[in-house]
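Here the structure comes first, spelled out in structure tokens, and everything after it is commentary.
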Amino acid sequence: MRAITYQEYGGPENLRLTDVPDPKVGPGEVLIRVKAAGVNPVDWKLASGGLDPLMQTYFPVIPGWDVAGVVEAVGMDTPEYAVGDEVIGYARKDYVQHGTYAELVTAGVRHLARKPAALGWEQAAGLPLAGLTALQALDRARAGEGDTVLVHAAAGGVGSLAVQLAVARGARVIGTASERNHAFLRELGAEPVLYGDGLVGRVRDIAPGGVDVALDFVGGVADESAELLGETSRLVSVVDGRAVEQGGHAIWVRPDPVELTALSDLADAGRLTVPVERVYPLGEAADAWRDQQNGRTRGKLVLSVS
């Protein structure tokens, strides 16, 4: 099969489109013919070696944890799925080697859910990791109806989904973004504010009492978040351990088929969409990484595989 691989730690320049053996399908797994694969910052952070202390890596590596595709084969004792089923998955294994930037990938049933019919392949591929991250951040912060939720980096892949999920819960949402993304945030149901110096004052201009929940998807905003919160235990970050120093939480997204199914159901109910800024052919994965590293992506970047 064709796959993107890298042979050593480094940057986008290490990515190559290569031929590799088809993966074996173990018990409790399915083989997926990949239609599209989501691109996430963790993909290139792993490739840089930045997370080497956390996860065992075996070279050559096929990057990628997000997948949307069709079940091509079913492993032993896997009654949950059948050949031909359309699925999405946060296909994170316990080690770094066999990812989703490939024509075929295996995934255990705990990583999968049915693809939402309302989303195309590219949108569906952008949902699992970002959607689960947003959902689990909201849950850890106990965000619900009537809360005022501040979402940092609200126009990004995770942030744009967190905005929609918070709105679906009945929360008021304030989202930080560059001015060019303010109209986009309004369409999602958020009240936009400009990020950067003076953020606390700008938030208080529209929410004089501060906020109930702060979700950090960018880093470097722990102090501002704590100043705006009445209860700092409702600060959650996916990128900055300083949230813990403020009394909040730093989380690492976990695979969860029940939660992934809930996200799929919300999409089919018309309450959740996946903004996709650009779709790249598989062979242009390096360009996708470079574009994401510039930090200005609106929504998701996705690779089209087959």
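Scheme for the structure tokens: letters A, B, ... for chains in order shown; per-chain residue numbers from 1; ligand numbers from 1 in order shown.
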
#### Entry: Spatial neighbours of Arg278 in chain A, max dist 10 Å, only C-alpha atoms, sep filter under 3 positions, as a PyMOL selection string
chain A and resi 122+275+288+291+297-303

### Task
Excluding range 79-81 of chain A and any residue of its chain fewer than 4 positions from it, enumerate the residues within 8 Å of it, using only C-alpha atoms, and give them as a ChimeraX atom specification.
/A:30,71,74,85,109

### Message
Taking 3 positions as the minimum chain separation for residues in the same chain, which residues sit within 9 Å of range 198-206 of chain A when counting only C-alpha atoms? Answer as a PyMOL selection string.
### Response
chain A and resi 150+174+176+191+193-195+209-211+224-225+227-228

### Query
Could you name the residues that touch Ile32 in chain A at 7 Å or less, counting only C-alpha atoms, but leaving out those on the same chain fewer than 6 positions away, as a PyMOL selection string?
chain A and resi 69-72+104-106

DSSP on the backbone, then: every residue of range 4-232 of chain A marked helix (DSSP H, G or I), written as a PDB file with C-alpha atoms, in the first residue's frame.
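Writing done, so here's part.pdb:
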```
ATOM      1  CA  PRO A  12       8.045  18.032   7.190  1.00  0.00           C
ATOM      2  CA  GLU A  13      11.088  17.603   4.969  1.00  0.00           C
ATOM      3  CA  ASN A  14      11.414  14.022   6.245  1.00  0.00           C
ATOM      4  CA  PRO A  41      -0.563  19.213  15.499  1.00  0.00           C
ATOM      5  CA  VAL A  42       0.268  16.062  17.454  1.00  0.00           C
ATOM      6  CA  ASP A  43       1.279  14.405  14.153  1.00  0.00           C
ATOM      7  CA  TRP A  44       4.204  16.731  13.543  1.00  0.00           C
ATOM      8  CA  LYS A  45       5.025  17.098  17.235  1.00  0.00           C
ATOM      9  CA  LEU A  46       5.522  13.328  17.384  1.00  0.00           C
ATOM     10  CA  ALA A  47       7.617  13.478  14.221  1.00  0.00           C
ATOM     11  CA  VAL A 109     -13.235  -1.232  18.036  1.00  0.00           C
ATOM     12  CA  ARG A 110     -12.580   1.032  21.042  1.00  0.00           C
ATOM     13  CA  HIS A 111     -11.266   3.632  18.579  1.00  0.00           C
ATOM     14  CA  TRP A 121     -15.310  11.941   3.945  1.00  0.00           C
ATOM     15  CA  GLU A 122     -13.007  14.906   4.508  1.00  0.00           C
ATOM     16  CA  GLN A 123     -15.214  16.452   7.184  1.00  0.00           C
ATOM     17  CA  ALA A 124     -15.671  13.090   8.868  1.00  0.00           C
ATOM     18  CA  ALA A 125     -11.894  12.549   8.979  1.00  0.00           C
ATOM     19  CA  PRO A 128     -12.487  12.241  15.848  1.00  0.00           C
ATOM     20  CA  LEU A 129      -9.420  13.685  17.602  1.00  0.00           C
ATOM     21  CA  ALA A 130     -10.546  17.313  17.595  1.00  0.00           C
ATOM     22  CA  GLY A 131     -14.135  16.457  18.504  1.00  0.00           C
ATOM     23  CA  LEU A 132     -13.165  14.163  21.358  1.00  0.00           C
ATOM     24  CA  THR A 133     -10.670  16.730  22.647  1.00  0.00           C
ATOM     25  CA  ALA A 134     -13.331  19.435  22.675  1.00  0.00           C
ATOM     26  CA  LEU A 135     -15.926  17.172  24.273  1.00  0.00           C
ATOM     27  CA  GLN A 136     -13.617  15.877  26.975  1.00  0.00           C
ATOM     28  CA  ALA A 137     -12.397  19.403  27.770  1.00  0.00           C
ATOM     29  CA  LEU A 138     -15.980  20.593  28.214  1.00  0.00           C
ATOM     30  CA  ASP A 139     -16.772  17.589  30.407  1.00  0.00           C
ATOM     31  CA  ARG A 140     -13.697  18.096  32.608  1.00  0.00           C
ATOM     32  CA  GLY A 157      -9.721  22.670  14.613  1.00  0.00           C
ATOM     33  CA  VAL A 158     -10.493  21.877  18.246  1.00  0.00           C
ATOM     34  CA  GLY A 159     -11.768  25.323  19.143  1.00  0.00           C
ATOM     35  CA  SER A 160     -14.362  25.497  16.372  1.00  0.00           C
ATOM     36  CA  LEU A 161     -15.830  22.182  17.551  1.00  0.00           C
ATOM     37  CA  ALA A 162     -15.720  23.226  21.209  1.00  0.00           C
ATOM     38  CA  VAL A 163     -17.692  26.355  20.332  1.00  0.00           C
ATOM     39  CA  GLN A 164     -20.429  24.318  18.675  1.00  0.00           C
ATOM     40  CA  LEU A 165     -20.561  21.712  21.452  1.00  0.00           C
ATOM     41  CA  ALA A 166     -20.801  24.400  24.134  1.00  0.00           C
ATOM     42  CA  VAL A 167     -23.566  26.174  22.221  1.00  0.00           C
ATOM     43  CA  ALA A 168     -25.400  22.845  21.878  1.00  0.00           C
ATOM     44  CA  GLU A 179     -10.084  39.667  13.493  1.00  0.00           C
ATOM     45  CA  ARG A 180     -10.283  37.874  10.130  1.00  0.00           C
ATOM     46  CA  ASN A 181     -12.029  34.956  11.893  1.00  0.00           C
ATOM     47  CA  HIS A 182     -14.609  36.949  13.867  1.00  0.00           C
ATOM     48  CA  ALA A 183     -17.402  36.555  11.322  1.00  0.00           C
ATOM     49  CA  PHE A 184     -16.669  32.815  11.194  1.00  0.00           C
ATOM     50  CA  LEU A 185     -17.038  32.558  14.983  1.00  0.00           C
ATOM     51  CA  ARG A 186     -20.338  34.420  14.905  1.00  0.00           C
ATOM     52  CA  GLU A 187     -21.617  31.875  12.399  1.00  0.00           C
ATOM     53  CA  LEU A 188     -20.746  29.121  14.886  1.00  0.00           C
ATOM     54  CA  LEU A 199      -7.560  40.209  26.393  1.00  0.00           C
ATOM     55  CA  VAL A 200      -8.858  40.328  29.967  1.00  0.00           C
ATOM     56  CA  GLY A 201     -10.233  43.817  29.476  1.00  0.00           C
ATOM     57  CA  ARG A 202     -11.867  42.944  26.165  1.00  0.00           C
ATOM     58  CA  VAL A 203     -13.588  39.918  27.684  1.00  0.00           C
ATOM     59  CA  ARG A 204     -14.805  41.937  30.652  1.00  0.00           C
ATOM     60  CA  ASP A 205     -16.212  44.535  28.280  1.00  0.00           C
ATOM     61  CA  ILE A 206     -18.784  41.958  27.142  1.00  0.00           C
ATOM     62  CA  ALA A 222      -3.272  30.415  31.953  1.00  0.00           C
ATOM     63  CA  ASP A 223      -2.853  33.687  33.867  1.00  0.00           C
ATOM     64  CA  GLU A 224      -5.488  35.541  31.855  1.00  0.00           C
ATOM     65  CA  SER A 225      -7.894  32.620  32.166  1.00  0.00           C
ATOM     66  CA  ALA A 226      -7.461  32.421  35.933  1.00  0.00           C
ATOM     67  CA  GLU A 227      -8.066  36.161  36.259  1.00  0.00           C
ATOM     68  CA  LEU A 228     -11.372  35.849  34.408  1.00  0.00           C
ATOM     69  CA  THR A 232     -10.054  28.089  38.506  1.00  0.00           C
TER      70      THR A 232
END
```

### Task
Rank nothing, just name the residue among A:Thr273, A:Thr261, A:Thr100, A:Ser237 nearest to Lys35 in chain A, using only C-alpha atoms.
A:Thr100

### Message
When DSSP is applied to the backbone of this structure, which of range 228-278 of chain A are assigned strand (DSSP E or B)? Write them out as a list in words.
### Response
Leu229, Leu235, Val236, Ser237, His249, Ala250, Val276, Glu277 and Arg278 of chain A
